[in-house]
Structures are given as C-alpha cells and as structure tokens.
file upload.pdb (PDB, C-alpha atoms and all ligand atoms)
ATOM      1  CA  MET A   1     -26.961  16.474  36.983
ATOM      2  CA  LEU A   2     -26.123  18.101  40.298
ATOM      3  CA  ARG A   3     -28.890  18.418  42.886
ATOM      4  CA  ILE A   4     -28.450  20.997  45.628
ATOM      5  CA  GLY A   5     -30.846  21.493  48.541
ATOM      6  CA  VAL A   6     -30.931  25.038  49.926
ATOM      7  CA  VAL A   7     -32.251  25.835  53.376
ATOM      8  CA  GLY A   8     -33.217  29.478  53.889
ATOM      9  CA  ASP A   9     -33.308  31.433  57.140
ATOM     10  CA  VAL A  10     -33.982  28.897  59.873
ATOM     11  CA  HIS A  11     -34.514  31.127  62.948
ATOM     12  CA  GLY A  12     -34.804  28.097  65.216
ATOM     13  CA  GLN A  13     -36.920  25.957  62.878
ATOM     14  CA  PHE A  14     -34.618  23.008  62.250
ATOM     15  CA  ASP A  15     -34.344  19.764  64.177
ATOM     16  CA  ALA A  16     -33.442  16.087  63.756
ATOM     17  CA  ILE A  17     -36.627  15.471  61.748
ATOM     18  CA  ASP A  18     -35.534  18.105  59.221
ATOM     19  CA  ALA A  19     -32.086  16.531  58.960
ATOM     20  CA  ARG A  20     -33.667  13.134  58.267
ATOM     21  CA  LEU A  21     -36.093  14.579  55.677
ATOM     22  CA  LEU A  22     -33.299  16.409  53.831
ATOM     23  CA  ASP A  23     -31.088  13.316  53.799
ATOM     24  CA  ALA A  24     -33.976  11.345  52.293
ATOM     25  CA  HIS A  25     -33.869  13.569  49.182
ATOM     26  CA  GLY A  26     -30.397  12.242  48.369
ATOM     27  CA  TYR A  27     -29.014  15.674  47.447
ATOM     28  CA  ASP A  28     -25.394  15.948  46.343
ATOM     29  CA  LEU A  29     -24.958  18.981  48.586
ATOM     30  CA  LEU A  30     -26.893  21.128  51.049
ATOM     31  CA  LEU A  31     -26.386  24.875  51.425
ATOM     32  CA  PHE A  32     -27.516  26.845  54.477
ATOM     33  CA  VAL A  33     -27.832  30.611  54.006
ATOM     34  CA  GLY A  34     -27.507  31.322  57.754
ATOM     35  CA  ASP A  35     -29.680  32.851  60.475
ATOM     36  CA  PHE A  36     -29.895  29.670  62.513
ATOM     37  CA  ALA A  37     -30.818  31.667  65.616
ATOM     38  CA  GLY A  38     -33.686  33.953  66.396
ATOM     39  CA  TYR A  39     -32.518  36.222  69.208
ATOM     40  CA  ARG A  40     -30.949  33.634  71.524
ATOM     41  CA  GLN A  41     -27.568  32.092  70.781
ATOM     42  CA  SER A  42     -28.719  28.834  72.375
ATOM     43  CA  GLU A  43     -31.036  28.451  69.365
ATOM     44  CA  ALA A  44     -28.107  28.618  66.955
ATOM     45  CA  LEU A  45     -26.347  25.896  68.924
ATOM     46  CA  ARG A  46     -29.429  23.668  69.000
ATOM     47  CA  VAL A  47     -29.919  24.074  65.239
ATOM     48  CA  ALA A  48     -26.209  23.490  64.584
ATOM     49  CA  GLU A  49     -26.275  20.257  66.563
ATOM     50  CA  ALA A  50     -29.266  19.026  64.538
ATOM     51  CA  MET A  51     -27.429  19.947  61.326
ATOM     52  CA  ARG A  52     -24.416  17.945  62.468
ATOM     53  CA  GLY A  53     -26.635  14.852  62.228
ATOM     54  CA  LEU A  54     -26.932  15.272  58.438
ATOM     55  CA  ARG A  55     -25.345  12.586  56.284
ATOM     56  CA  THR A  56     -25.454  14.807  53.171
ATOM     57  CA  PRO A  57     -22.426  17.087  52.699
ATOM     58  CA  ALA A  58     -23.312  20.652  53.689
ATOM     59  CA  ILE A  59     -21.837  24.157  53.660
ATOM     60  CA  ALA A  60     -23.176  27.142  55.618
ATOM     61  CA  ILE A  61     -22.576  30.872  55.985
ATOM     62  CA  PRO A  62     -23.291  32.851  59.177
ATOM     63  CA  GLY A  63     -26.240  35.247  59.053
ATOM     64  CA  ASN A  64     -26.742  38.454  60.997
ATOM     65  CA  HIS A  65     -28.385  36.494  63.836
ATOM     66  CA  ASP A  66     -25.499  34.015  64.239
ATOM     67  CA  GLY A  67     -22.770  34.539  66.814
ATOM     68  CA  VAL A  68     -24.475  37.817  67.622
ATOM     69  CA  THR A  69     -26.317  38.843  70.783
ATOM     70  CA  ALA A  70     -29.763  40.459  70.616
ATOM     71  CA  VAL A  71     -28.399  43.772  71.955
ATOM     72  CA  GLN A  72     -25.547  43.665  69.463
ATOM     73  CA  LEU A  73     -27.971  43.083  66.595
ATOM     74  CA  LEU A  74     -30.044  46.038  67.797
ATOM     75  CA  SER A  75     -26.942  48.261  67.862
ATOM     76  CA  GLU A  76     -26.247  47.284  64.243
ATOM     77  CA  VAL A  77     -29.660  48.258  62.941
ATOM     78  CA  LEU A  78     -30.139  51.474  64.962
ATOM     79  CA  PRO A  79     -28.432  54.643  63.717
ATOM     80  CA  GLY A  80     -25.774  56.450  65.769
ATOM     81  CA  THR A  81     -24.637  53.507  67.876
ATOM     82  CA  GLY A  82     -21.096  53.196  66.503
ATOM     83  CA  ALA A  83     -19.318  53.023  69.864
ATOM     84  CA  ALA A  84     -21.773  50.441  71.194
ATOM     85  CA  ARG A  85     -21.297  48.354  68.049
ATOM     86  CA  GLU A  86     -17.553  48.183  68.612
ATOM     87  CA  LEU A  87     -17.971  47.194  72.254
ATOM     88  CA  LEU A  88     -20.727  44.645  71.693
ATOM     89  CA  ALA A  89     -18.702  42.963  68.935
ATOM     90  CA  LEU A  90     -16.316  41.682  71.619
ATOM     91  CA  GLY A  91     -16.967  37.979  71.886
ATOM     92  CA  GLN A  92     -18.492  37.560  68.408
ATOM     93  CA  ASP A  93     -15.507  35.487  67.314
ATOM     94  CA  ARG A  94     -15.884  33.224  70.362
ATOM     95  CA  ARG A  95     -19.633  32.879  69.792
ATOM     96  CA  CYS A  96     -19.049  31.974  66.119
ATOM     97  CA  ALA A  97     -16.456  29.398  67.161
ATOM     98  CA  ARG A  98     -19.022  27.733  69.450
ATOM     99  CA  ILE A  99     -21.454  27.414  66.539
ATOM    100  CA  ALA A 100     -18.675  26.029  64.324
ATOM    101  CA  ARG A 101     -17.854  23.418  66.990
ATOM    102  CA  ALA A 102     -21.523  22.423  67.278
ATOM    103  CA  LEU A 103     -21.686  22.026  63.474
ATOM    104  CA  GLY A 104     -18.859  19.489  63.508
ATOM    105  CA  PRO A 105     -17.732  18.811  59.919
ATOM    106  CA  ILE A 106     -20.033  21.410  58.304
ATOM    107  CA  PRO A 107     -18.044  24.562  57.454
ATOM    108  CA  CYS A 108     -19.741  27.856  58.370
ATOM    109  CA  GLU A 109     -17.508  30.693  57.267
ATOM    110  CA  GLY A 110     -17.399  33.703  54.973
ATOM    111  CA  TYR A 111     -14.851  34.330  52.202
ATOM    112  CA  ARG A 112     -14.055  30.710  51.415
ATOM    113  CA  LEU A 113     -13.895  28.729  48.196
ATOM    114  CA  PHE A 114     -14.800  25.049  48.360
ATOM    115  CA  VAL A 115     -13.663  23.296  45.202
ATOM    116  CA  ARG A 116     -15.600  20.027  45.175
ATOM    117  CA  ARG A 117     -14.269  18.151  42.165
ATOM    118  CA  ASP A 118     -15.905  15.018  43.581
ATOM    119  CA  LEU A 119     -19.316  16.699  43.205
ATOM    120  CA  GLY A 120     -18.518  18.738  40.088
ATOM    121  CA  VAL A 121     -19.126  22.169  41.615
ATOM    122  CA  GLN A 122     -17.381  24.893  43.591
ATOM    123  CA  ILE A 123     -19.020  26.983  46.288
ATOM    124  CA  LEU A 124     -17.777  30.471  47.098
ATOM    125  CA  THR A 125     -19.043  31.953  50.354
ATOM    126  CA  ALA A 126     -19.575  35.720  50.403
ATOM    127  CA  ARG A 127     -19.453  38.245  53.275
ATOM    128  CA  PRO A 128     -20.834  36.672  56.467
ATOM    129  CA  HIS A 129     -23.323  38.285  58.905
ATOM    130  CA  SER A 130     -24.754  40.638  56.263
ATOM    131  CA  CYS A 131     -27.655  42.807  57.392
ATOM    132  CA  GLY A 132     -28.274  44.040  53.830
ATOM    133  CA  GLY A 133     -28.416  47.626  52.638
ATOM    134  CA  PRO A 134     -25.893  50.427  52.326
ATOM    135  CA  ARG A 135     -23.922  49.994  55.597
ATOM    136  CA  LEU A 136     -21.278  47.367  56.304
ATOM    137  CA  ALA A 137     -22.645  45.475  59.319
ATOM    138  CA  PHE A 138     -20.470  43.968  62.075
ATOM    139  CA  ALA A 139     -17.481  45.911  60.809
ATOM    140  CA  ARG A 140     -15.308  45.236  63.852
ATOM    141  CA  HIS A 141     -15.681  41.482  63.515
ATOM    142  CA  LEU A 142     -15.097  41.610  59.758
ATOM    143  CA  ARG A 143     -11.945  43.676  60.249
ATOM    144  CA  ALA A 144     -10.539  41.469  62.992
ATOM    145  CA  ARG A 145     -11.363  38.126  61.445
ATOM    146  CA  TYR A 146     -11.168  38.734  57.713
ATOM    147  CA  GLY A 147      -9.254  42.007  57.307
ATOM    148  CA  VAL A 148     -12.273  43.515  55.569
ATOM    149  CA  GLY A 149     -13.258  47.088  56.471
ATOM    150  CA  THR A 150     -15.142  48.326  53.409
ATOM    151  CA  PHE A 151     -17.423  47.029  50.666
ATOM    152  CA  GLU A 152     -14.541  47.494  48.226
ATOM    153  CA  GLU A 153     -12.245  45.319  50.366
ATOM    154  CA  SER A 154     -14.997  42.744  50.719
ATOM    155  CA  ALA A 155     -15.448  42.518  46.928
ATOM    156  CA  ALA A 156     -11.669  42.291  46.466
ATOM    157  CA  ARG A 157     -11.476  39.490  49.025
ATOM    158  CA  MET A 158     -14.133  37.477  47.188
ATOM    159  CA  LEU A 159     -12.469  38.164  43.852
ATOM    160  CA  SER A 160      -9.107  36.936  45.164
ATOM    161  CA  LEU A 161     -10.727  33.572  45.941
ATOM    162  CA  LEU A 162     -11.287  33.047  42.226
ATOM    163  CA  ASP A 163      -7.519  32.625  41.798
ATOM    164  CA  GLY A 164      -8.018  29.163  43.309
ATOM    165  CA  ALA A 165     -11.094  28.319  41.242
ATOM    166  CA  ASP A 166     -11.225  25.408  38.801
ATOM    167  CA  PRO A 167     -12.256  26.867  35.415
ATOM    168  CA  SER A 168     -13.903  23.593  34.423
ATOM    169  CA  LEU A 169     -16.402  23.623  37.317
ATOM    170  CA  PRO A 170     -19.549  25.742  37.768
ATOM    171  CA  ILE A 171     -19.419  28.337  40.545
ATOM    172  CA  VAL A 172     -22.268  28.766  43.030
ATOM    173  CA  VAL A 173     -22.079  31.721  45.426
ATOM    174  CA  LEU A 174     -23.491  31.217  48.918
ATOM    175  CA  ALA A 175     -24.343  34.486  50.689
ATOM    176  CA  HIS A 176     -26.565  35.532  53.556
ATOM    177  CA  ASN A 177     -28.084  38.403  51.550
ATOM    178  CA  GLY A 178     -28.188  38.837  47.776
ATOM    179  CA  PRO A 179     -26.593  41.567  45.639
ATOM    180  CA  THR A 180     -27.835  45.025  44.712
ATOM    181  CA  GLY A 181     -29.088  45.595  41.187
ATOM    182  CA  LEU A 182     -32.084  43.269  41.166
ATOM    183  CA  GLY A 183     -34.867  45.766  41.812
ATOM    184  CA  MET A 184     -35.951  48.714  43.937
ATOM    185  CA  ALA A 185     -39.514  47.628  44.755
ATOM    186  CA  ARG A 186     -40.559  46.190  48.122
ATOM    187  CA  ASP A 187     -41.388  42.869  46.474
ATOM    188  CA  SER A 188     -38.150  42.652  44.439
ATOM    189  CA  ILE A 189     -35.970  39.681  45.353
ATOM    190  CA  TYR A 190     -33.823  41.865  47.665
ATOM    191  CA  GLY A 191     -36.068  44.929  47.869
ATOM    192  CA  CYS A 192     -36.735  46.815  51.111
ATOM    193  CA  ASP A 193     -40.226  46.128  52.465
ATOM    194  CA  PHE A 194     -39.807  47.849  55.841
ATOM    195  CA  LYS A 195     -39.477  51.470  54.664
ATOM    196  CA  ALA A 196     -42.161  53.458  52.858
ATOM    197  CA  SER A 197     -39.479  54.590  50.388
ATOM    198  CA  GLU A 198     -38.785  50.907  49.472
ATOM    199  CA  GLY A 199     -35.453  50.670  47.583
ATOM    200  CA  ASP A 200     -32.717  48.149  46.857
ATOM    201  CA  PHE A 201     -31.508  46.371  50.013
ATOM    202  CA  GLY A 202     -28.960  44.089  48.342
ATOM    203  CA  ASP A 203     -25.263  43.892  49.205
ATOM    204  CA  PRO A 204     -23.184  46.318  47.089
ATOM    205  CA  ASP A 205     -19.967  44.311  47.593
ATOM    206  CA  LEU A 206     -21.586  41.180  46.195
ATOM    207  CA  ARG A 207     -22.676  43.185  43.130
ATOM    208  CA  LEU A 208     -19.122  44.504  42.647
ATOM    209  CA  PHE A 209     -17.778  40.979  42.915
ATOM    210  CA  LEU A 210     -20.285  39.501  40.442
ATOM    211  CA  ASP A 211     -19.663  42.207  37.835
ATOM    212  CA  ARG A 212     -15.888  41.894  38.138
ATOM    213  CA  ALA A 213     -15.959  38.094  38.107
ATOM    214  CA  ARG A 214     -17.989  38.204  34.884
ATOM    215  CA  ALA A 215     -15.587  40.757  33.396
ATOM    216  CA  ARG A 216     -12.763  38.294  34.085
ATOM    217  CA  GLY A 217     -14.627  35.608  32.176
ATOM    218  CA  HIS A 218     -16.031  33.615  35.101
ATOM    219  CA  THR A 219     -19.562  32.250  34.896
ATOM    220  CA  ILE A 220     -21.504  32.246  38.135
ATOM    221  CA  SER A 221     -24.238  29.627  37.781
ATOM    222  CA  ALA A 222     -26.229  30.618  40.852
ATOM    223  CA  VAL A 223     -26.203  33.075  43.740
ATOM    224  CA  VAL A 224     -27.973  31.542  46.706
ATOM    225  CA  ALA A 225     -28.969  33.731  49.649
ATOM    226  CA  GLY A 226     -31.770  34.670  52.021
ATOM    227  CA  HIS A 227     -32.200  37.304  54.757
ATOM    228  CA  MET A 228     -35.009  39.135  52.967
ATOM    229  CA  HIS A 229     -37.989  37.044  54.017
ATOM    230  CA  HIS A 230     -40.580  36.144  51.411
ATOM    231  CA  THR A 231     -43.486  37.398  53.507
ATOM    232  CA  LEU A 232     -43.485  41.183  53.283
ATOM    233  CA  LYS A 233     -44.234  43.737  55.959
ATOM    234  CA  GLY A 234     -47.571  45.271  55.025
ATOM    235  CA  GLY A 235     -48.673  42.163  53.105
ATOM    236  CA  GLY A 236     -47.768  40.237  49.993
ATOM    237  CA  THR A 237     -44.803  38.092  49.060
ATOM    238  CA  ARG A 238     -41.572  38.793  47.226
ATOM    239  CA  THR A 239     -40.130  37.379  44.034
ATOM    240  CA  TRP A 240     -37.698  34.695  45.166
ATOM    241  CA  GLN A 241     -35.866  33.753  41.977
ATOM    242  CA  VAL A 242     -34.544  35.965  39.192
ATOM    243  CA  ARG A 243     -32.479  35.127  36.145
ATOM    244  CA  GLU A 244     -29.649  37.495  35.218
ATOM    245  CA  GLY A 245     -27.850  36.264  32.118
ATOM    246  CA  ALA A 246     -26.324  32.866  32.917
ATOM    247  CA  THR A 247     -26.872  33.375  36.662
ATOM    248  CA  LEU A 248     -29.908  32.282  38.644
ATOM    249  CA  HIS A 249     -30.471  34.296  41.834
ATOM    250  CA  VAL A 250     -32.303  32.343  44.523
ATOM    251  CA  ASN A 251     -33.624  33.821  47.763
ATOM    252  CA  ALA A 252     -34.510  30.820  49.955
ATOM    253  CA  ALA A 253     -35.745  32.819  52.979
ATOM    254  CA  ARG A 254     -39.290  31.594  53.245
ATOM    255  CA  PHE A 255     -39.969  32.241  56.915
ATOM    256  CA  PRO A 256     -41.535  30.697  58.902
ATOM    257  CA  ARG A 257     -39.933  27.569  57.413
ATOM    258  CA  TYR A 258     -42.642  25.552  59.090
ATOM    259  CA  GLU A 259     -46.189  26.027  57.951
ATOM    260  CA  ARG A 260     -49.470  24.222  57.623
ATOM    261  CA  ARG A 261     -50.219  23.253  54.048
ATOM    262  CA  ASP A 262     -53.082  21.068  52.805
ATOM    263  CA  GLY A 263     -53.689  19.925  56.380
ATOM    264  CA  ALA A 264     -50.099  18.820  57.033
ATOM    265  CA  HIS A 265     -47.191  20.394  58.931
ATOM    266  CA  VAL A 266     -44.493  21.025  56.343
ATOM    267  CA  ALA A 267     -40.952  22.446  56.217
ATOM    268  CA  HIS A 268     -39.693  24.478  53.263
ATOM    269  CA  HIS A 269     -36.457  24.316  51.313
ATOM    270  CA  VAL A 270     -35.396  24.952  47.719
ATOM    271  CA  CYS A 271     -34.123  22.369  45.249
ATOM    272  CA  ILE A 272     -31.619  23.582  42.649
ATOM    273  CA  LEU A 273     -30.815  21.461  39.602
ATOM    274  CA  LEU A 274     -27.592  22.201  37.777
ATOM    275  CA  GLU A 275     -26.761  20.533  34.481
ATOM    276  CA  GLY A 276     -24.343  22.107  32.041
ATOM    277  CA  GLU A 277     -25.539  25.682  31.499
ATOM    278  CA  SER A 278     -29.033  24.921  32.779
ATOM    279  CA  VAL A 279     -29.914  25.894  36.350
ATOM    280  CA  THR A 280     -33.411  25.779  37.828
ATOM    281  CA  ALA A 281     -34.907  26.176  41.302
ATOM    282  CA  ASP A 282     -38.133  24.908  42.848
ATOM    283  CA  SER A 283     -39.752  25.135  46.264
ATOM    284  CA  VAL A 284     -40.036  21.871  48.190
ATOM    285  CA  PHE A 285     -42.317  21.261  51.172
ATOM    286  CA  ASP A 286     -41.453  18.194  53.235
ATOM    287  CA  VAL A 287     -44.205  16.779  55.415
ATOM    288  CA  ARG A 288     -43.012  16.739  59.039
ATOM    289  CA  GLU A 289     -46.271  15.237  60.241
ATOM    290  CA  GLY A 290     -49.631  14.671  58.570
TER     291      GLY A 290
HETATM  292 FE    FE B 301     -30.754  37.729  58.257
END
call {"tool": "encode", "arguments": {"input": "upload.pdb", "output": "structure tokens", "more": "lines below"}}
Ligand SMILES: [Fe+2]
result
Amino acid sequence: MLRIGVVGDVHGQFDAIDARLLDAHGYDLLLFVGDFAGYRQSEALRVAEAMRGLRTPAIAIPGNHDGVTAVQLLSEVLPGTGAARELLALGQDRRCARIARALGPIPCEGYRLFVRRDLGVQILTARPHSCGGPRLAFARHLRARYGVGTFEESAARMLSLLDGADPSLPIVVLAHNGPTGLGMARDSIYGCDFKASEGDFGDPDLRLFLDRARARGHTISAVVAGHMHHTLKGGGTRTWQVREGATLHVNAARFPRYERRDGAHVAHHVCILLEGESVTADSVFDVREG
C-alpha cells in the first residue's frame, strides 16, 4: 500500500515543526499543492526552507501566490489589466527560481512527469500558478517558460507527458486547482463561492486532459489540488473529496492550516492510501502543541 501525505494551501503556515510532524508519519511521498506564500515572497522562501528539512520525498507545484508579487496577483484577478499583467510578469521566472533554490531537492514545477518506480507511483504535475476559472492566468510566464498560451495547449502539454508514463504504475495528478465538471454550486469541490452567481471555477485544461487521458486508456487514480479553500465566503464549508469513476478528486486546501481543535493547536493535511484500484483520503490533524 502506498501512503501519500498531501499538504494544501500553506499561505505561510509551515515551519520546521510541520516538517518533523510530517516525517513522523512515515509517508512514502508528500505532495504540496502550492500557495506557500501569502502576499509576500519572503514567506514563500521561509516555507520552502522549512520544506527542505523534510526527510520524506516530496513534490510540489507552484500556486498563484508563488513567485508572484502582490500587485501582479491583483492585476491577474482584476479585469482589463492586460498590459499591466504583461509588465508585472517580468521577474516571475527569477522569483520562481529563488523558491526552487530554497526548496533544494524538492521539485516545484508544472508540466512534469515523475515516474517513481521505487515507490510504485507516477506523479504528473499540471499547469502551475492556476487562479481557477475561465481565464488563463499568468499567460506571459506560461508562454515564456512552458510554451503554453491557451487552455488547449496546456491540455496538449499534459497529454504529451503521458508518452513517458509507465503503464504498470498508477498515475496521480498534482495541480494547484482542480478540473471543471465537478459541480456548479458554491460548496462544490471547485465551485465559486465569491460570486452570487456561483458556478464552476475548475480548470478547463485539466478537464480536457483528464477526459483525453481516459479516452486513451489511462487510469488516473487521484487528482490532488487545492486553491479553493474549504471555508466559504458567506459561511459554510465545501465538499473536499469527490469520486469520479476510478478517480478520486481531493481538494486539500483547508485554510487556515493551523487551528485550535479540542484544546490543542493542530495543523491539517490529507492522507491518501493507494492500493491496487482502491484510493481513499482522510483528513489528519497533527498536534503542534497541546
Ligand atoms: Fe491559490
């Protein structure tokens, strides 16, 4: 049985204690869905340095807060700021490289396939820096670094990675945001909770990829992502795991990661168990201090 620990959106809430607690679980692999930083890049670096202390093998994907300045992030979410987006993207590559250096041996990159025969699994990372929804975020960076300018190109890029896949190993997709097609309600796993109209805020390219991968005969055991926080604007919480055929979708973005529970300070992550065709996920709360 393969045991994978998944850490959702961190937004600054990860330190050496968390690294020690995660190592103590003895996971085969850790996956980080991104968003190490809040709005300051120094946070991403501090988190990355704490992650570097992990003894457990780990793989990460950049979120929309990583390698991105606060003003740049604002330009991506506001309408009609196309020119500013292009300009503010200058330096994103350099900022991402600093995070990668701070992470040491932990890869943090989109559009990669990690075939881990030693662990019995392969991890495919999806489009990095996703903001979710119907617009391709950080387009300049995606074009320059990955040659991806559209959702269609993004799906094709992910699909091309499957040429290097080992058909005997399960595939787990690591994304920052999940795919479209899993619900339109505010409390759906990737539903929009910040507009009165609600709607599906998943990534359309990830949906294209999943449908085409299945059509080619690939089985995706799990799609692991975050971005859409469990606590909803206006109250309530969202569904965080959904089964779709042989695939388990897991949204690990319980934020804040740190909370007070039964009188103790705890940190959240998700444990995924993979054995043959069976895949399950459970929330785990590690006690940081009683
Ligand atoms: Fe995010």
call {"tool": "closest_residue", "arguments": {"input": "upload.pdb", "among": "A:Ile106, A:Leu113, A:Leu274, A:Met228", "to": "ligand FE 301 (chain B)", "atoms": "only C-alpha atoms and all ligand atoms"}}
result
A:Met228
call {"tool": "closest_residue", "arguments": {"input": "upload.pdb", "among": "A:Gly147, A:Pro167, A:Gly38, A:Gly26", "to": "ligand FE 301 (chain B)", "atoms": "only C-alpha atoms and all ligand atoms"}}
result
A:Gly38
call {"tool": "residues_around", "arguments": {"input": "upload.pdb", "residues": "Leu208 of chain A", "least_positions_apart": "3", "cutoff": "10 Å", "atoms": "all atoms listed in the file", "output": "VMD selection string"}}
result
chain A and resid 151 to 152 154 to 156 158 to 159 179 to 180 203 to 205 211 to 213
call {"tool": "write_last_selection", "arguments": {"input": "upload.pdb", "atoms": "C-alpha atoms", "output": "PDB file, in the coordinates of the input"}}
result
ATOM      1  CA  PHE A 151     -17.423  47.029  50.666  1.00  0.00           C
ATOM      2  CA  GLU A 152     -14.541  47.494  48.226  1.00  0.00           C
ATOM      3  CA  SER A 154     -14.997  42.744  50.719  1.00  0.00           C
ATOM      4  CA  ALA A 155     -15.448  42.518  46.928  1.00  0.00           C
ATOM      5  CA  ALA A 156     -11.669  42.291  46.466  1.00  0.00           C
ATOM      6  CA  MET A 158     -14.133  37.477  47.188  1.00  0.00           C
ATOM      7  CA  LEU A 159     -12.469  38.164  43.852  1.00  0.00           C
ATOM      8  CA  PRO A 179     -26.593  41.567  45.639  1.00  0.00           C
ATOM      9  CA  THR A 180     -27.835  45.025  44.712  1.00  0.00           C
ATOM     10  CA  ASP A 203     -25.263  43.892  49.205  1.00  0.00           C
ATOM     11  CA  PRO A 204     -23.184  46.318  47.089  1.00  0.00           C
ATOM     12  CA  ASP A 205     -19.967  44.311  47.593  1.00  0.00           C
ATOM     13  CA  ASP A 211     -19.663  42.207  37.835  1.00  0.00           C
ATOM     14  CA  ARG A 212     -15.888  41.894  38.138  1.00  0.00           C
ATOM     15  CA  ALA A 213     -15.959  38.094  38.107  1.00  0.00           C
TER      16      ALA A 213
END
call {"tool": "atom_distance", "arguments": {"input": "upload.pdb", "atom1": "atom CA of Arg257 of chain A", "atom2": "atom CA of Ala70 of chain A"}}
result
21.1 Å
call {"tool": "atom_distance", "arguments": {"input": "upload.pdb", "atom1": "atom CA of Glu275 of chain A", "atom2": "atom CA of Leu2 of chain A"}}
result
6.3 Å
call {"tool": "residues_near_ligand", "arguments": {"input": "upload.pdb", "ligand": "ligand FE 301 (chain B)", "cutoff": "9 Å", "atoms": "only C-alpha atoms and all ligand atoms", "output": "ChimeraX atom specification"}}
result
/A:9,11,33-35,62-66,129-132,176-177,226-229,253
call {"tool": "write_last_selection", "arguments": {"input": "upload.pdb", "atoms": "C-alpha atoms", "output": "PDB file, keeping the file's coordinate frame"}}
result
ATOM      1  CA  ASP A   9     -33.308  31.433  57.140  1.00  0.00           C
ATOM      2  CA  HIS A  11     -34.514  31.127  62.948  1.00  0.00           C
ATOM      3  CA  VAL A  33     -27.832  30.611  54.006  1.00  0.00           C
ATOM      4  CA  GLY A  34     -27.507  31.322  57.754  1.00  0.00           C
ATOM      5  CA  ASP A  35     -29.680  32.851  60.475  1.00  0.00           C
ATOM      6  CA  PRO A  62     -23.291  32.851  59.177  1.00  0.00           C
ATOM      7  CA  GLY A  63     -26.240  35.247  59.053  1.00  0.00           C
ATOM      8  CA  ASN A  64     -26.742  38.454  60.997  1.00  0.00           C
ATOM      9  CA  HIS A  65     -28.385  36.494  63.836  1.00  0.00           C
ATOM     10  CA  ASP A  66     -25.499  34.015  64.239  1.00  0.00           C
ATOM     11  CA  HIS A 129     -23.323  38.285  58.905  1.00  0.00           C
ATOM     12  CA  SER A 130     -24.754  40.638  56.263  1.00  0.00           C
ATOM     13  CA  CYS A 131     -27.655  42.807  57.392  1.00  0.00           C
ATOM     14  CA  GLY A 132     -28.274  44.040  53.830  1.00  0.00           C
ATOM     15  CA  HIS A 176     -26.565  35.532  53.556  1.00  0.00           C
ATOM     16  CA  ASN A 177     -28.084  38.403  51.550  1.00  0.00           C
ATOM     17  CA  GLY A 226     -31.770  34.670  52.021  1.00  0.00           C
ATOM     18  CA  HIS A 227     -32.200  37.304  54.757  1.00  0.00           C
ATOM     19  CA  MET A 228     -35.009  39.135  52.967  1.00  0.00           C
ATOM     20  CA  HIS A 229     -37.989  37.044  54.017  1.00  0.00           C
ATOM     21  CA  ALA A 253     -35.745  32.819  52.979  1.00  0.00           C
TER      22      ALA A 253
END
call {"tool": "resolve_selection", "arguments": {"input": "upload.pdb", "expression": "the PyMOL selection byres (((chain A and resi 168) around 12) and not hetatm)", "output": "compact mmCIF listing (two decimals) with C-alpha atoms, in the frame of the given file"}}
result
# COMPACT_ATOMS: atom_id res chain seq x y z
CA VAL A 115 -13.66 23.30 45.20
CA ARG A 116 -15.60 20.03 45.18
CA ARG A 117 -14.27 18.15 42.16
CA GLY A 120 -18.52 18.74 40.09
CA VAL A 121 -19.13 22.17 41.62
CA GLN A 122 -17.38 24.89 43.59
CA ALA A 165 -11.09 28.32 41.24
CA ASP A 166 -11.22 25.41 38.80
CA PRO A 167 -12.26 26.87 35.42
CA LEU A 169 -16.40 23.62 37.32
CA PRO A 170 -19.55 25.74 37.77
CA ILE A 171 -19.42 28.34 40.54
CA HIS A 218 -16.03 33.62 35.10
CA THR A 219 -19.56 32.25 34.90
CA GLY A 276 -24.34 22.11 32.04
call {"tool": "closest_residue", "arguments": {"input": "upload.pdb", "among": "A:Ser188, A:Thr81, A:Ser42, A:Ser221", "to": "Ile123 of chain A", "atoms": "only C-alpha atoms"}}
result
A:Ser221
call {"tool": "closest_residue", "arguments": {"input": "upload.pdb", "among": "A:Gly181, A:Ile99, A:Asp118, A:Ala50", "to": "Leu29 of chain A", "atoms": "only C-alpha atoms"}}
result
A:Asp118
call {"tool": "residues_around", "arguments": {"input": "upload.pdb", "residues": "Tyr190 of chain A", "least_positions_apart": "4", "cutoff": "7 Å", "atoms": "all atoms listed in the file", "output": "PyMOL selection string"}}
result
chain A and resi 178+182+200-202+228
call {"tool": "closest_residue", "arguments": {"input": "upload.pdb", "among": "A:Phe138, A:Phe285, A:Trp240, A:Phe36", "to": "Leu87 of chain A", "atoms": "all atoms listed in the file"}}
result
A:Phe138
call {"tool": "atom_distance", "arguments": {"input": "upload.pdb", "atom1": "atom CA of Met51 of chain A", "atom2": "atom CA of Val7 of chain A"}}
result
11.0 Å
call {"tool": "closest_residue", "arguments": {"input": "upload.pdb", "among": "A:Ala83, A:Ala16, A:Val266, A:Val6", "to": "Leu30 of chain A", "atoms": "all atoms listed in the file"}}
result
A:Val6
call {"tool": "resolve_selection", "arguments": {"input": "upload.pdb", "expression": "the PyMOL selection byres (((chain A and resi 142) around 10) and not hetatm)", "output": "ChimeraX atom specification"}}
result
/A:89,93,110,127-129,136-141,143-150,154
call {"tool": "residues_near_point", "arguments": {"input": "upload.pdb", "point": "(-49.8, 15.7, 62.7)", "cutoff": "10 Å", "atoms": "all atoms listed in the file", "output": "PyMOL selection string"}}
result
chain A and resi 260+263-266+287-290
call {"tool": "resolve_selection", "arguments": {"input": "upload.pdb", "expression": "the PyMOL selection byres (((chain A and resi 222) around 10) and not hetatm)", "output": "list in words"}}
result
Ile123, Pro170, Ile171, Val172, Val173, Leu174, Thr219, Ile220, Ser221, Val223, Val224, Ala225, Arg243, Glu244, Ala246, Thr247, Leu248, His249, Val250, Ile272, Leu274, Val279, Thr280 and Ala281 of chain A
call {"tool": "decode", "arguments": {"input": "upload.pdb", "residues": "segment 234-254 of chain A", "atoms": "C-alpha atoms", "output": "short mmCIF file (atom, residue, chain, number, x, y, z; two decimals), in the first residue's frame"}}
result
data_model
loop_
_atom_site.label_atom_id
_atom_site.label_comp_id
_atom_site.auth_asym_id
_atom_site.auth_seq_id
_atom_site.Cartn_x
_atom_site.Cartn_y
_atom_site.Cartn_z
CA GLY A 234 -20.60 33.83 3.31
CA GLY A 235 -20.33 30.77 5.57
CA GLY A 236 -20.22 27.01 5.32
CA THR A 237 -17.63 24.59 4.04
CA ARG A 238 -17.09 22.89 0.70
CA THR A 239 -17.02 19.24 -0.29
CA TRP A 240 -13.34 18.33 -0.40
CA GLN A 241 -13.33 14.88 -1.97
CA VAL A 242 -15.35 13.52 -4.88
CA ARG A 243 -15.19 10.20 -6.66
CA GLU A 244 -15.45 10.21 -10.46
CA GLY A 245 -15.23 6.68 -11.82
CA ALA A 246 -11.82 5.27 -10.87
CA THR A 247 -10.51 8.73 -9.95
CA LEU A 248 -10.62 10.31 -6.51
CA HIS A 249 -10.53 14.12 -6.56
CA VAL A 250 -9.03 15.62 -3.42
CA ASN A 251 -9.04 19.32 -2.55
CA ALA A 252 -6.58 19.69 0.35
CA ALA A 253 -6.98 23.47 0.80
CA ARG A 254 -8.19 23.64 4.36
#
